[in-house]
Amino acid sequence: MLSIGLFSVAAIACANTLEDIKKTKVLKVCIWPDYFGVSYRNPRSGALQGVDIDMSRDLAQELGVKLQYVETSFANFITDIEGGNCHIAMMGVGVIPSRTERVNFSAPYLRSDVYAVTSKSNTTIKTWDDLDRPGRVISVLKGTFMEPLMKKTLKQATLQVAERPGERERDVESGRADAFMTDYPYTQRMLANTDWARVISPSRPIQPTDYAYAVAKGDPAWLARVNQFVAQAKKDGRLEKYATEFKLQQIVVKD
C-alpha cells in the first residue's frame with residue numbers, strides 16, 4: 001500500500017467520511033443479508049428487514065442522504081470498510097480483539113452469548129455439557145466470532161468450519177454435524193423457519209459479546225457521529241422498538 005509519512009493513502013481518504021457522504025449524498029452500509037432479525041433478506045418478498053435495516057434507514061435519513069447497501073460477509077466486511085466499499089458495517093458485528101485491531105466500533109447496542117443448534121432427532125445432545133464430547137462434530141460459520149472461540153474451547157469434539165451460508169445448517173439437519181454454534185438472533189431464525197431445529201442454551205455465561213457498528217480507523221468525527229446516533233436511538237426508544245419487532249428485545253443494550 002502506498003504510504004505518505006506515517007499515514008497510508010487509504011487512511012487519509014477515510015479520515016473525511018462525513019465529507020464524502022455529504023458530497024456523494026450516499027451512505028454506503030455493509031450488511032450480511034442472511035442475518036435473521038438484524039439484516040435479513042426475506043426469501044418470499046425479497047425485502048430487507050431487521051434491526052439494522054431500520055437503524056440504517058434512520059441514520060441515512062438523519063444525514064439527509066440516500067442509502068446504499070453493500071452485501072458482504074463476516075469474513076470480508078473489514079476489507080470492504082478498509083477499501084472504502086462502505087462507510088459503516090451495520091450487521092450485528094461482534095466486538096472482538098482481532099476486529100478492534102483493524103476497525104473502530106461504536107457504543108454497543110446488542111449483546112448476545114453463544115448458543116448451539118442441534119436437531120430434534122439428535123438424542124445424544126441434551127445439555128450444553130454434551131457438546132464437547134469425543135466423536136461430536138461441532139460446526140461454525142467461517143468469519144464469525146464463534147470460530148476462534150470454538151477453536152480455543154473445544155477439547156474433545158471436532159470443529160468443522162463451514163465456508164458457505166447454509167452449510168452448517170444442512171450438516172446438522174442431515175446428521176453430518178451434531179450441532180452448530182451461533183448467537184441469539186440466529187436461533188430465532190432457526191426456530192421460526194424450521195421444524196427440525198432445537199436450541200441448546202449455555203448453562204453458564206460462555207462469551208457474552210457486544211455488537212456494535214464498525215467504521216474505519218482514523219476518523220474520530222465519523223465515529224462520534226455514529227455514537228451520537230446510537231445514543232439517541234436508545235434514548236428515544238427506537239432501538240428497543242425495532243428489536244421488539246424482531247423478538248430481540250432481551251439482548252438490547254440500553255445504557
# chains A, B, ... in the order shown; residues from 1 in each chain; ligands from 1
call {"tool": "closest_atom_pairs", "arguments": {"of": "stretch 83-180 of chain A", "to": "stretch 194-204 of chain A", "cutoff": "10 Å", "atoms": "only C-alpha atoms", "output": "tab-separated table"}}
result
residue	atom	partner	partner_atom	distance
A:Asp113	CA	A:Pro202	CA	8.1
A:Val114	CA	A:Pro202	CA	7.2
A:Tyr115	CA	A:Ser201	CA	5.3
A:Ala116	CA	A:Ile200	CA	5.0
A:Val117	CA	A:Val199	CA	4.6
A:Thr118	CA	A:Arg198	CA	5.3
A:Ser119	CA	A:Ala197	CA	4.7
A:Lys120	CA	A:Trp196	CA	5.5
A:Ser121	CA	A:Trp196	CA	7.6
A:Asn122	CA	A:Arg198	CA	9.2
A:Ile125	CA	A:Ile200	CA	8.6
A:Lys126	CA	A:Ile200	CA	7.6
A:Thr127	CA	A:Ile200	CA	6.4
A:Trp128	CA	A:Pro202	CA	5.6
A:Asp129	CA	A:Ser203	CA	8.1
A:Asp130	CA	A:Ile200	CA	9.9
A:Leu131	CA	A:Ile200	CA	9.5
A:Glu169	CA	A:Ala197	CA	9.0
A:Val172	CA	A:Ala197	CA	8.8
A:Glu173	CA	A:Trp196	CA	7.2
A:Ala179	CA	A:Ile200	CA	9.2
A:Phe180	CA	A:Val199	CA	9.8
call {"tool": "residues_around", "arguments": {"residues": "A:Lys66", "least_positions_apart": "3", "cutoff": "12 Å", "atoms": "only C-alpha atoms", "output": "ChimeraX atom specification"}}
result
/A:21-29,56-63,69
call {"tool": "write_last_selection", "arguments": {"atoms": "N, CA, C and O atoms", "output": "CSV table (one decimal), in the first residue's frame"}}
result
chain,number,residue,atom,x,y,z
A,21,ILE,N,-19.7,11.5,2.4
A,21,ILE,CA,-21.2,11.2,2.4
A,21,ILE,C,-21.9,12.4,2.0
A,21,ILE,O,-22.9,12.3,1.2
A,22,LYS,N,-21.6,13.6,2.5
A,22,LYS,CA,-22.3,14.8,2.1
A,22,LYS,C,-22.1,15.1,0.6
A,22,LYS,O,-23.0,15.6,-0.1
A,23,LYS,N,-20.9,14.9,0.1
A,23,LYS,CA,-20.5,15.2,-1.3
A,23,LYS,C,-21.3,14.3,-2.2
A,23,LYS,O,-21.8,14.7,-3.2
A,24,THR,N,-21.3,13.0,-1.9
A,24,THR,CA,-21.9,12.0,-2.8
A,24,THR,C,-23.4,11.8,-2.5
A,24,THR,O,-24.1,11.3,-3.4
A,25,LYS,N,-23.8,12.3,-1.4
A,25,LYS,CA,-25.2,12.2,-0.9
A,25,LYS,C,-25.7,10.8,-0.9
A,25,LYS,O,-26.8,10.4,-1.1
A,26,VAL,N,-24.7,9.9,-0.5
A,26,VAL,CA,-25.0,8.5,-0.3
A,26,VAL,C,-24.3,7.9,0.9
A,26,VAL,O,-23.1,8.2,1.1
A,27,LEU,N,-25.0,7.2,1.7
A,27,LEU,CA,-24.5,6.4,2.8
A,27,LEU,C,-24.4,5.0,2.4
A,27,LEU,O,-25.4,4.3,2.1
A,28,LYS,N,-23.1,4.5,2.4
A,28,LYS,CA,-22.9,3.1,1.9
A,28,LYS,C,-22.8,2.2,3.2
A,28,LYS,O,-21.8,2.4,4.0
A,29,VAL,N,-23.7,1.3,3.3
A,29,VAL,CA,-23.8,0.4,4.5
A,29,VAL,C,-23.5,-1.0,4.2
A,29,VAL,O,-24.2,-1.6,3.4
A,56,SER,N,-30.3,1.6,9.9
A,56,SER,CA,-29.5,2.2,8.8
A,56,SER,C,-30.4,3.2,8.0
A,56,SER,O,-29.9,4.3,7.6
A,57,ARG,N,-31.7,2.9,7.9
A,57,ARG,CA,-32.6,3.9,7.2
A,57,ARG,C,-32.7,5.2,8.0
A,57,ARG,O,-32.7,6.3,7.5
A,58,ASP,N,-32.8,5.0,9.4
A,58,ASP,CA,-32.8,6.2,10.2
A,58,ASP,C,-31.6,7.0,10.1
A,58,ASP,O,-31.6,8.3,10.0
A,59,LEU,N,-30.4,6.4,10.1
A,59,LEU,CA,-29.2,7.1,10.0
A,59,LEU,C,-29.0,7.9,8.7
A,59,LEU,O,-28.7,9.0,8.7
A,60,ALA,N,-29.4,7.2,7.6
A,60,ALA,CA,-29.4,7.9,6.3
A,60,ALA,C,-30.3,9.1,6.3
A,60,ALA,O,-30.0,10.1,5.7
A,61,GLN,N,-31.5,8.9,6.9
A,61,GLN,CA,-32.5,10.0,6.9
A,61,GLN,C,-31.9,11.2,7.7
A,61,GLN,O,-32.1,12.3,7.3
A,62,GLU,N,-31.3,10.9,8.9
A,62,GLU,CA,-30.7,11.9,9.7
A,62,GLU,C,-29.6,12.7,8.9
A,62,GLU,O,-29.5,13.9,9.1
A,63,LEU,N,-28.9,12.0,8.1
A,63,LEU,CA,-27.8,12.6,7.4
A,63,LEU,C,-28.3,13.3,6.1
A,63,LEU,O,-27.5,14.0,5.5
A,69,TYR,N,-26.9,-0.2,0.1
A,69,TYR,CA,-26.4,-1.4,0.9
A,69,TYR,C,-25.4,-2.1,0.0
A,69,TYR,O,-25.5,-2.2,-1.2
call {"tool": "residues_around", "arguments": {"residues": "A:Val226", "least_positions_apart": "6", "cutoff": "12 Å", "atoms": "only C-alpha atoms", "output": "CSV table (one decimal) with N, CA, C and O atoms, in the first residue's frame"}}
result
chain,number,residue,atom,x,y,z
A,17,THR,N,-14.9,10.9,6.2
A,17,THR,CA,-16.1,10.1,5.8
A,17,THR,C,-17.3,11.0,5.7
A,17,THR,O,-18.1,10.9,4.7
A,18,LEU,N,-17.5,11.8,6.7
A,18,LEU,CA,-18.7,12.7,6.7
A,18,LEU,C,-18.7,13.6,5.4
A,18,LEU,O,-19.8,13.8,4.8
A,55,MET,N,-32.4,0.7,11.5
A,55,MET,CA,-31.5,1.7,12.1
A,55,MET,C,-30.7,2.4,10.9
A,55,MET,O,-30.4,3.6,11.0
A,56,SER,N,-30.3,1.6,9.9
A,56,SER,CA,-29.5,2.2,8.8
A,56,SER,C,-30.4,3.2,8.0
A,56,SER,O,-29.9,4.3,7.6
A,58,ASP,N,-32.8,5.0,9.4
A,58,ASP,CA,-32.8,6.2,10.2
A,58,ASP,C,-31.6,7.0,10.1
A,58,ASP,O,-31.6,8.3,10.0
A,59,LEU,N,-30.4,6.4,10.1
A,59,LEU,CA,-29.2,7.1,10.0
A,59,LEU,C,-29.0,7.9,8.7
A,59,LEU,O,-28.7,9.0,8.7
A,60,ALA,N,-29.4,7.2,7.6
A,60,ALA,CA,-29.4,7.9,6.3
A,60,ALA,C,-30.3,9.1,6.3
A,60,ALA,O,-30.0,10.1,5.7
A,62,GLU,N,-31.3,10.9,8.9
A,62,GLU,CA,-30.7,11.9,9.7
A,62,GLU,C,-29.6,12.7,8.9
A,62,GLU,O,-29.5,13.9,9.1
A,63,LEU,N,-28.9,12.0,8.1
A,63,LEU,CA,-27.8,12.6,7.4
A,63,LEU,C,-28.3,13.3,6.1
A,63,LEU,O,-27.5,14.0,5.5
A,87,HIS,N,-19.2,2.8,4.2
A,87,HIS,CA,-18.8,3.8,5.2
A,87,HIS,C,-18.9,3.2,6.6
A,87,HIS,O,-18.3,3.6,7.5
A,88,ILE,N,-19.8,2.2,6.7
A,88,ILE,CA,-20.1,1.6,8.0
A,88,ILE,C,-20.7,0.2,7.8
A,88,ILE,O,-21.3,-0.1,6.8
A,89,ALA,N,-20.4,-0.7,8.8
A,89,ALA,CA,-21.0,-2.0,8.8
A,89,ALA,C,-22.1,-2.0,9.8
A,89,ALA,O,-21.8,-1.8,11.0
A,90,MET,N,-23.3,-2.3,9.4
A,90,MET,CA,-24.4,-2.4,10.3
A,90,MET,C,-25.1,-3.7,10.1
A,90,MET,O,-26.0,-3.9,9.4
A,104,ASN,N,-12.8,0.6,14.1
A,104,ASN,CA,-13.3,1.2,15.3
A,104,ASN,C,-14.8,0.8,15.4
A,104,ASN,O,-15.5,0.6,14.4
A,105,PHE,N,-15.2,0.7,16.7
A,105,PHE,CA,-16.6,0.3,17.0
A,105,PHE,C,-17.3,1.4,17.7
A,105,PHE,O,-16.7,2.1,18.5
A,106,SER,N,-18.6,1.5,17.4
A,106,SER,CA,-19.5,2.4,18.1
A,106,SER,C,-19.8,1.8,19.5
A,106,SER,O,-19.3,0.7,19.9
A,107,ALA,N,-20.5,2.6,20.3
A,107,ALA,CA,-21.0,2.0,21.5
A,107,ALA,C,-21.9,0.8,21.2
A,107,ALA,O,-22.5,0.8,20.2
A,108,PRO,N,-21.9,-0.2,22.1
A,108,PRO,CA,-22.7,-1.4,21.8
A,108,PRO,C,-24.2,-1.2,21.8
A,108,PRO,O,-24.7,-0.3,22.6
A,109,TYR,N,-25.0,-1.9,21.0
A,109,TYR,CA,-26.4,-1.8,21.0
A,109,TYR,C,-27.1,-3.1,21.3
A,109,TYR,O,-28.3,-3.2,21.6
A,212,ALA,N,-21.8,-4.0,17.8
A,212,ALA,CA,-21.7,-2.6,17.6
A,212,ALA,C,-21.5,-2.3,16.1
A,212,ALA,O,-21.4,-3.2,15.3
A,213,TYR,N,-21.6,-1.0,15.7
A,213,TYR,CA,-21.3,-0.6,14.3
A,213,TYR,C,-19.9,-0.4,14.1
A,213,TYR,O,-19.2,0.2,14.9
A,214,ALA,N,-19.3,-0.9,13.0
A,214,ALA,CA,-17.9,-0.8,12.7
A,214,ALA,C,-17.7,0.2,11.6
A,214,ALA,O,-18.4,0.3,10.6
A,215,VAL,N,-16.6,1.0,11.8
A,215,VAL,CA,-16.2,2.1,10.9
A,215,VAL,C,-14.7,2.0,10.8
A,215,VAL,O,-14.0,1.4,11.6
A,216,ALA,N,-14.2,2.7,9.8
A,216,ALA,CA,-12.7,2.7,9.5
A,216,ALA,C,-12.0,3.5,10.6
A,216,ALA,O,-12.5,4.4,11.2
A,219,ASP,N,-10.8,8.2,11.8
A,219,ASP,CA,-11.8,9.2,11.5
A,219,ASP,C,-12.7,9.4,12.8
A,219,ASP,O,-13.9,8.9,12.8
A,220,PRO,N,-12.2,10.1,13.8
A,220,PRO,CA,-12.9,10.3,15.0
A,220,PRO,C,-14.3,11.1,14.8
A,220,PRO,O,-15.2,10.8,15.6
A,232,GLN,N,-28.9,8.4,20.8
A,232,GLN,CA,-30.3,9.0,20.6
A,232,GLN,C,-31.3,7.9,20.3
A,232,GLN,O,-32.4,8.0,20.9
A,233,ALA,N,-30.9,6.9,19.6
A,233,ALA,CA,-31.9,5.8,19.3
A,233,ALA,C,-32.2,5.0,20.6
A,233,ALA,O,-33.3,4.5,20.7
call {"tool": "closest_atom_pairs", "arguments": {"of": "stretch 120-230 of chain A", "to": "stretch 73-86 of chain A", "cutoff": "12 Å", "atoms": "only C-alpha atoms", "output": "tab-separated table"}}
result
residue	atom	partner	partner_atom	distance
A:Leu141	CA	A:Phe74	CA	9.0
A:Lys142	CA	A:Ala75	CA	6.7
A:Gly143	CA	A:Ala75	CA	4.1
A:Thr144	CA	A:Phe74	CA	5.9
A:Phe145	CA	A:Phe74	CA	8.8
A:Met146	CA	A:Phe74	CA	11.1
A:Glu147	CA	A:Ala75	CA	10.8
A:Ala162	CA	A:Ala75	CA	11.7
A:Glu163	CA	A:Ala75	CA	9.7
A:Arg164	CA	A:Ser73	CA	10.0
A:Pro165	CA	A:Ser73	CA	9.4
A:Tyr213	CA	A:Ile81	CA	11.4
A:Ala214	CA	A:Ile81	CA	8.3
A:Val215	CA	A:Ile81	CA	6.7
A:Ala216	CA	A:Ile81	CA	6.0
A:Lys217	CA	A:Glu82	CA	8.4
A:Gly218	CA	A:Glu82	CA	10.7
A:Asp219	CA	A:Glu82	CA	11.9
call {"tool": "select_by_dssp", "arguments": {"residues": "stretch 29-244 of chain A", "states": "strand (DSSP E)", "output": "CSV table (one decimal) with N, CA and C atoms, in the first residue's frame"}}
result
chain,number,residue,atom,x,y,z
A,29,VAL,N,-23.7,1.3,3.3
A,29,VAL,CA,-23.8,0.4,4.5
A,29,VAL,C,-23.5,-1.0,4.2
A,30,CYS,N,-22.5,-1.6,4.8
A,30,CYS,CA,-22.2,-3.0,4.6
A,30,CYS,C,-23.2,-3.9,5.5
A,31,ILE,N,-23.8,-4.9,4.9
A,31,ILE,CA,-24.7,-5.8,5.6
A,31,ILE,C,-24.4,-7.2,5.1
A,34,ASP,N,-28.1,-12.3,5.4
A,34,ASP,CA,-28.7,-13.6,5.8
A,34,ASP,C,-28.8,-13.7,7.4
A,35,TYR,N,-28.8,-12.5,8.0
A,35,TYR,CA,-28.8,-12.4,9.4
A,35,TYR,C,-30.2,-12.1,9.9
A,39,SER,N,-30.2,-8.1,9.7
A,39,SER,CA,-30.1,-7.6,8.3
A,39,SER,C,-30.4,-8.8,7.4
A,40,TYR,N,-31.7,-9.0,7.2
A,40,TYR,CA,-32.1,-10.2,6.6
A,40,TYR,C,-33.0,-10.0,5.3
A,41,ARG,N,-32.7,-10.7,4.2
A,41,ARG,CA,-33.5,-10.6,3.0
A,41,ARG,C,-34.6,-11.6,3.1
A,48,LEU,N,-35.5,-6.4,2.5
A,48,LEU,CA,-34.6,-6.4,3.6
A,48,LEU,C,-35.3,-6.0,4.8
A,49,GLN,N,-35.0,-6.7,6.0
A,49,GLN,CA,-35.7,-6.4,7.2
A,49,GLN,C,-34.8,-6.7,8.4
A,66,LYS,N,-29.1,9.4,0.5
A,66,LYS,CA,-29.6,8.1,0.1
A,66,LYS,C,-28.9,7.0,0.7
A,67,LEU,N,-29.5,5.9,0.8
A,67,LEU,CA,-29.0,4.7,1.4
A,67,LEU,C,-28.6,3.6,0.4
A,68,GLN,N,-27.4,3.2,0.4
A,68,GLN,CA,-26.9,2.1,-0.5
A,68,GLN,C,-26.4,1.0,0.3
A,69,TYR,N,-26.9,-0.2,0.1
A,69,TYR,CA,-26.4,-1.4,0.9
A,69,TYR,C,-25.4,-2.1,0.0
A,70,VAL,N,-24.3,-2.5,0.7
A,70,VAL,CA,-23.2,-3.3,0.1
A,70,VAL,C,-23.2,-4.7,0.8
A,71,GLU,N,-23.5,-5.7,0.1
A,71,GLU,CA,-23.6,-7.0,0.7
A,71,GLU,C,-22.2,-7.6,0.9
A,88,ILE,N,-19.8,2.2,6.7
A,88,ILE,CA,-20.1,1.6,8.0
A,88,ILE,C,-20.7,0.2,7.8
A,89,ALA,N,-20.4,-0.7,8.8
A,89,ALA,CA,-21.0,-2.0,8.8
A,89,ALA,C,-22.1,-2.0,9.8
A,90,MET,N,-23.3,-2.3,9.4
A,90,MET,CA,-24.4,-2.4,10.3
A,90,MET,C,-25.1,-3.7,10.1
A,91,MET,N,-24.5,-4.7,10.8
A,91,MET,CA,-24.9,-6.1,10.6
A,91,MET,C,-24.6,-7.0,11.8
A,92,GLY,N,-24.8,-6.4,13.0
A,92,GLY,CA,-24.6,-7.2,14.2
A,92,GLY,C,-23.2,-7.7,14.4
A,93,VAL,N,-22.2,-6.8,14.2
A,93,VAL,CA,-20.8,-7.2,14.3
A,93,VAL,C,-20.4,-7.3,15.7
A,94,GLY,N,-19.9,-8.5,16.1
A,94,GLY,CA,-19.4,-8.8,17.4
A,94,GLY,C,-18.1,-8.0,17.6
A,103,VAL,N,-10.6,-2.1,12.9
A,103,VAL,CA,-11.7,-1.1,12.7
A,103,VAL,C,-12.1,-0.6,14.1
A,104,ASN,N,-12.8,0.6,14.1
A,104,ASN,CA,-13.3,1.2,15.3
A,104,ASN,C,-14.8,0.8,15.4
A,105,PHE,N,-15.2,0.7,16.7
A,105,PHE,CA,-16.6,0.3,17.0
A,105,PHE,C,-17.3,1.4,17.7
A,110,LEU,N,-26.4,-4.2,21.0
A,110,LEU,CA,-26.9,-5.6,21.3
A,110,LEU,C,-25.8,-6.3,22.1
A,111,ARG,N,-26.2,-7.4,22.8
A,111,ARG,CA,-25.3,-8.2,23.5
A,111,ARG,C,-25.8,-9.6,23.5
A,112,SER,N,-25.1,-10.6,23.0
A,112,SER,CA,-25.5,-12.0,22.9
A,112,SER,C,-24.4,-12.9,23.4
A,114,VAL,N,-23.3,-17.2,23.3
A,114,VAL,CA,-23.3,-18.2,22.3
A,114,VAL,C,-24.3,-19.3,22.6
A,115,TYR,N,-24.9,-19.8,21.5
A,115,TYR,CA,-25.9,-20.8,21.6
A,115,TYR,C,-25.6,-21.9,20.6
A,116,ALA,N,-26.1,-23.1,20.9
A,116,ALA,CA,-26.0,-24.2,20.0
A,116,ALA,C,-27.3,-24.6,19.4
A,117,VAL,N,-27.3,-25.0,18.1
A,117,VAL,CA,-28.5,-25.5,17.4
A,117,VAL,C,-28.2,-26.9,17.0
A,118,THR,N,-29.0,-27.8,17.5
A,118,THR,CA,-28.9,-29.2,17.1
A,118,THR,C,-30.3,-29.6,16.5
A,119,SER,N,-30.4,-30.9,16.2
A,119,SER,CA,-31.7,-31.4,15.6
A,119,SER,C,-32.5,-32.1,16.7
A,137,VAL,N,-19.2,-33.6,16.3
A,137,VAL,CA,-18.8,-32.7,15.3
A,137,VAL,C,-19.6,-31.4,15.5
A,138,ILE,N,-18.9,-30.3,15.8
A,138,ILE,CA,-19.5,-29.0,16.0
A,138,ILE,C,-19.1,-28.1,14.9
A,139,SER,N,-20.1,-27.5,14.3
A,139,SER,CA,-19.9,-26.6,13.1
A,139,SER,C,-20.0,-25.1,13.5
A,140,VAL,N,-19.2,-24.3,12.8
A,140,VAL,CA,-19.2,-22.8,12.9
A,140,VAL,C,-19.1,-22.3,11.5
A,141,LEU,N,-19.6,-21.0,11.4
A,141,LEU,CA,-19.5,-20.3,10.1
A,141,LEU,C,-18.2,-19.6,10.1
A,158,THR,N,-14.8,-32.4,17.5
A,158,THR,CA,-14.1,-32.0,16.2
A,158,THR,C,-14.8,-30.7,15.7
A,159,LEU,N,-14.0,-29.7,15.4
A,159,LEU,CA,-14.6,-28.5,14.9
A,159,LEU,C,-14.6,-28.5,13.4
A,160,GLN,N,-15.8,-28.2,12.8
A,160,GLN,CA,-16.0,-28.1,11.4
A,160,GLN,C,-16.3,-26.7,11.0
A,161,VAL,N,-15.5,-26.1,10.1
A,161,VAL,CA,-15.7,-24.7,9.7
A,161,VAL,C,-16.4,-24.7,8.4
A,162,ALA,N,-17.6,-24.1,8.4
A,162,ALA,CA,-18.5,-24.0,7.2
A,162,ALA,C,-18.0,-22.8,6.4
A,179,ALA,N,-24.1,-30.3,16.0
A,179,ALA,CA,-24.6,-29.0,16.3
A,179,ALA,C,-23.8,-27.9,15.7
A,180,PHE,N,-24.4,-26.7,15.5
A,180,PHE,CA,-23.6,-25.6,15.1
A,180,PHE,C,-23.8,-24.5,16.1
A,181,MET,N,-22.8,-23.6,16.2
A,181,MET,CA,-22.7,-22.6,17.2
A,181,MET,C,-23.2,-21.3,16.5
A,182,THR,N,-24.0,-20.5,17.2
A,182,THR,CA,-24.5,-19.3,16.7
A,182,THR,C,-24.8,-18.3,17.9
A,183,ASP,N,-25.5,-17.3,17.5
A,183,ASP,CA,-25.9,-16.3,18.6
A,183,ASP,C,-27.4,-16.3,18.7
A,197,ALA,N,-35.1,-27.9,14.1
A,197,ALA,CA,-34.1,-27.3,15.0
A,197,ALA,C,-34.5,-27.3,16.4
A,198,ARG,N,-33.5,-27.5,17.3
A,198,ARG,CA,-33.6,-27.4,18.7
A,198,ARG,C,-32.4,-26.6,19.3
A,199,VAL,N,-32.7,-25.6,20.1
A,199,VAL,CA,-31.7,-24.7,20.6
A,199,VAL,C,-31.2,-25.2,22.0
A,200,ILE,N,-29.9,-25.2,22.2
A,200,ILE,CA,-29.3,-25.5,23.5
A,200,ILE,C,-28.7,-24.2,24.0
A,209,THR,N,-21.1,-11.3,24.1
A,209,THR,CA,-20.3,-10.4,23.2
A,209,THR,C,-21.2,-9.2,22.8
A,210,ASP,N,-20.5,-8.0,22.9
A,210,ASP,CA,-21.2,-6.8,22.5
A,210,ASP,C,-21.2,-6.7,20.9
A,211,TYR,N,-22.4,-6.2,20.4
A,211,TYR,CA,-22.5,-6.0,19.0
A,211,TYR,C,-22.5,-4.5,18.8
A,212,ALA,N,-21.8,-4.0,17.8
A,212,ALA,CA,-21.7,-2.6,17.6
A,212,ALA,C,-21.5,-2.3,16.1
A,213,TYR,N,-21.6,-1.0,15.7
A,213,TYR,CA,-21.3,-0.6,14.3
A,213,TYR,C,-19.9,-0.4,14.1
A,214,ALA,N,-19.3,-0.9,13.0
A,214,ALA,CA,-17.9,-0.8,12.7
A,214,ALA,C,-17.7,0.2,11.6
A,215,VAL,N,-16.6,1.0,11.8
A,215,VAL,CA,-16.2,2.1,10.9
A,215,VAL,C,-14.7,2.0,10.8
A,216,ALA,N,-14.2,2.7,9.8
A,216,ALA,CA,-12.7,2.7,9.5
A,216,ALA,C,-12.0,3.5,10.6
call {"tool": "atom_distance", "arguments": {"atom1": "atom CA of A:Gln250", "atom2": "atom CA of A:Pro97"}}
result
24.7 Å
call {"tool": "select_by_dssp", "arguments": {"residues": "stretch 31-216 of chain A", "states": "alpha helix (DSSP H)", "output": "MDAnalysis selection string"}}
result
chainID A and resid 51:63 77:82 97:100 146:153 167:174 184:193
call {"tool": "closest_residue", "arguments": {"among": "A:Leu248, A:Val253, A:Ala157, A:Val51", "to": "A:Ala177", "atoms": "only C-alpha atoms"}}
result
A:Ala157
call {"tool": "atom_distance", "arguments": {"atom1": "atom CA of A:Lys152", "atom2": "atom CA of A:Glu101"}}
result
19.4 Å
call {"tool": "closest_residue", "arguments": {"among": "A:Arg133, A:Asp178, A:Asp255, A:Ala192", "to": "A:Val230", "atoms": "only C-alpha atoms"}}
result
A:Asp255
call {"tool": "atom_distance", "arguments": {"atom1": "atom CA of A:Lys234", "atom2": "atom CA of A:Gly37"}}
result
17.7 Å
call {"tool": "closest_residue", "arguments": {"among": "A:Lys155, A:Lys247, A:Lys235, A:Arg170", "to": "A:Thr187", "atoms": "only C-alpha atoms"}}
result
A:Lys247
call {"tool": "decode", "arguments": {"residues": "stretch 109-123 of chain A", "atoms": "N, CA and C atoms", "output": "mmCIF file, in the first residue's frame"}}
result
data_model
loop_
_atom_site.group_PDB
_atom_site.id
_atom_site.type_symbol
_atom_site.label_atom_id
_atom_site.label_comp_id
_atom_site.auth_asym_id
_atom_site.auth_seq_id
_atom_site.Cartn_x
_atom_site.Cartn_y
_atom_site.Cartn_z
ATOM 1 N N TYR A 109 -24.957 -1.920 21.040
ATOM 2 C CA TYR A 109 -26.415 -1.777 21.044
ATOM 3 C C TYR A 109 -27.126 -3.112 21.263
ATOM 4 N N LEU A 110 -26.416 -4.237 21.037
ATOM 5 C CA LEU A 110 -26.930 -5.570 21.337
ATOM 6 C C LEU A 110 -25.831 -6.344 22.062
ATOM 7 N N ARG A 111 -26.243 -7.358 22.802
ATOM 8 C CA ARG A 111 -25.258 -8.224 23.467
ATOM 9 C C ARG A 111 -25.812 -9.647 23.519
ATOM 10 N N SER A 112 -25.057 -10.597 22.994
ATOM 11 C CA SER A 112 -25.522 -11.983 22.948
ATOM 12 C C SER A 112 -24.430 -12.931 23.389
ATOM 13 N N ASP A 113 -24.847 -13.997 24.057
ATOM 14 C CA ASP A 113 -23.930 -15.086 24.345
ATOM 15 C C ASP A 113 -23.977 -16.066 23.172
ATOM 16 N N VAL A 114 -23.322 -17.193 23.324
ATOM 17 C CA VAL A 114 -23.258 -18.216 22.291
ATOM 18 C C VAL A 114 -24.309 -19.284 22.578
ATOM 19 N N TYR A 115 -24.934 -19.771 21.519
ATOM 20 C CA TYR A 115 -25.937 -20.829 21.627
ATOM 21 C C TYR A 115 -25.592 -21.943 20.638
ATOM 22 N N ALA A 116 -26.142 -23.114 20.899
ATOM 23 C CA ALA A 116 -25.951 -24.243 19.981
ATOM 24 C C ALA A 116 -27.290 -24.622 19.382
ATOM 25 N N VAL A 117 -27.254 -24.997 18.115
ATOM 26 C CA VAL A 117 -28.450 -25.515 17.443
ATOM 27 C C VAL A 117 -28.174 -26.940 17.028
ATOM 28 N N THR A 118 -29.017 -27.845 17.497
ATOM 29 C CA THR A 118 -28.928 -29.242 17.106
ATOM 30 C C THR A 118 -30.266 -29.647 16.513
ATOM 31 N N SER A 119 -30.407 -30.887 16.181
ATOM 32 C CA SER A 119 -31.684 -31.356 15.607
ATOM 33 C C SER A 119 -32.510 -32.053 16.680
ATOM 34 N N LYS A 120 -33.804 -32.034 16.480
ATOM 35 C CA LYS A 120 -34.696 -32.719 17.413
ATOM 36 C C LYS A 120 -34.445 -34.226 17.418
ATOM 37 N N SER A 121 -33.947 -34.736 16.322
ATOM 38 C CA SER A 121 -33.692 -36.170 16.221
ATOM 39 C C SER A 121 -32.387 -36.602 16.892
ATOM 40 N N ASN A 122 -31.556 -35.642 17.252
ATOM 41 C CA ASN A 122 -30.286 -35.953 17.904
ATOM 42 C C ASN A 122 -30.529 -36.118 19.405
ATOM 43 N N THR A 123 -30.557 -37.352 19.852
ATOM 44 C CA THR A 123 -30.872 -37.625 21.254
ATOM 45 C C THR A 123 -29.639 -37.657 22.145
#
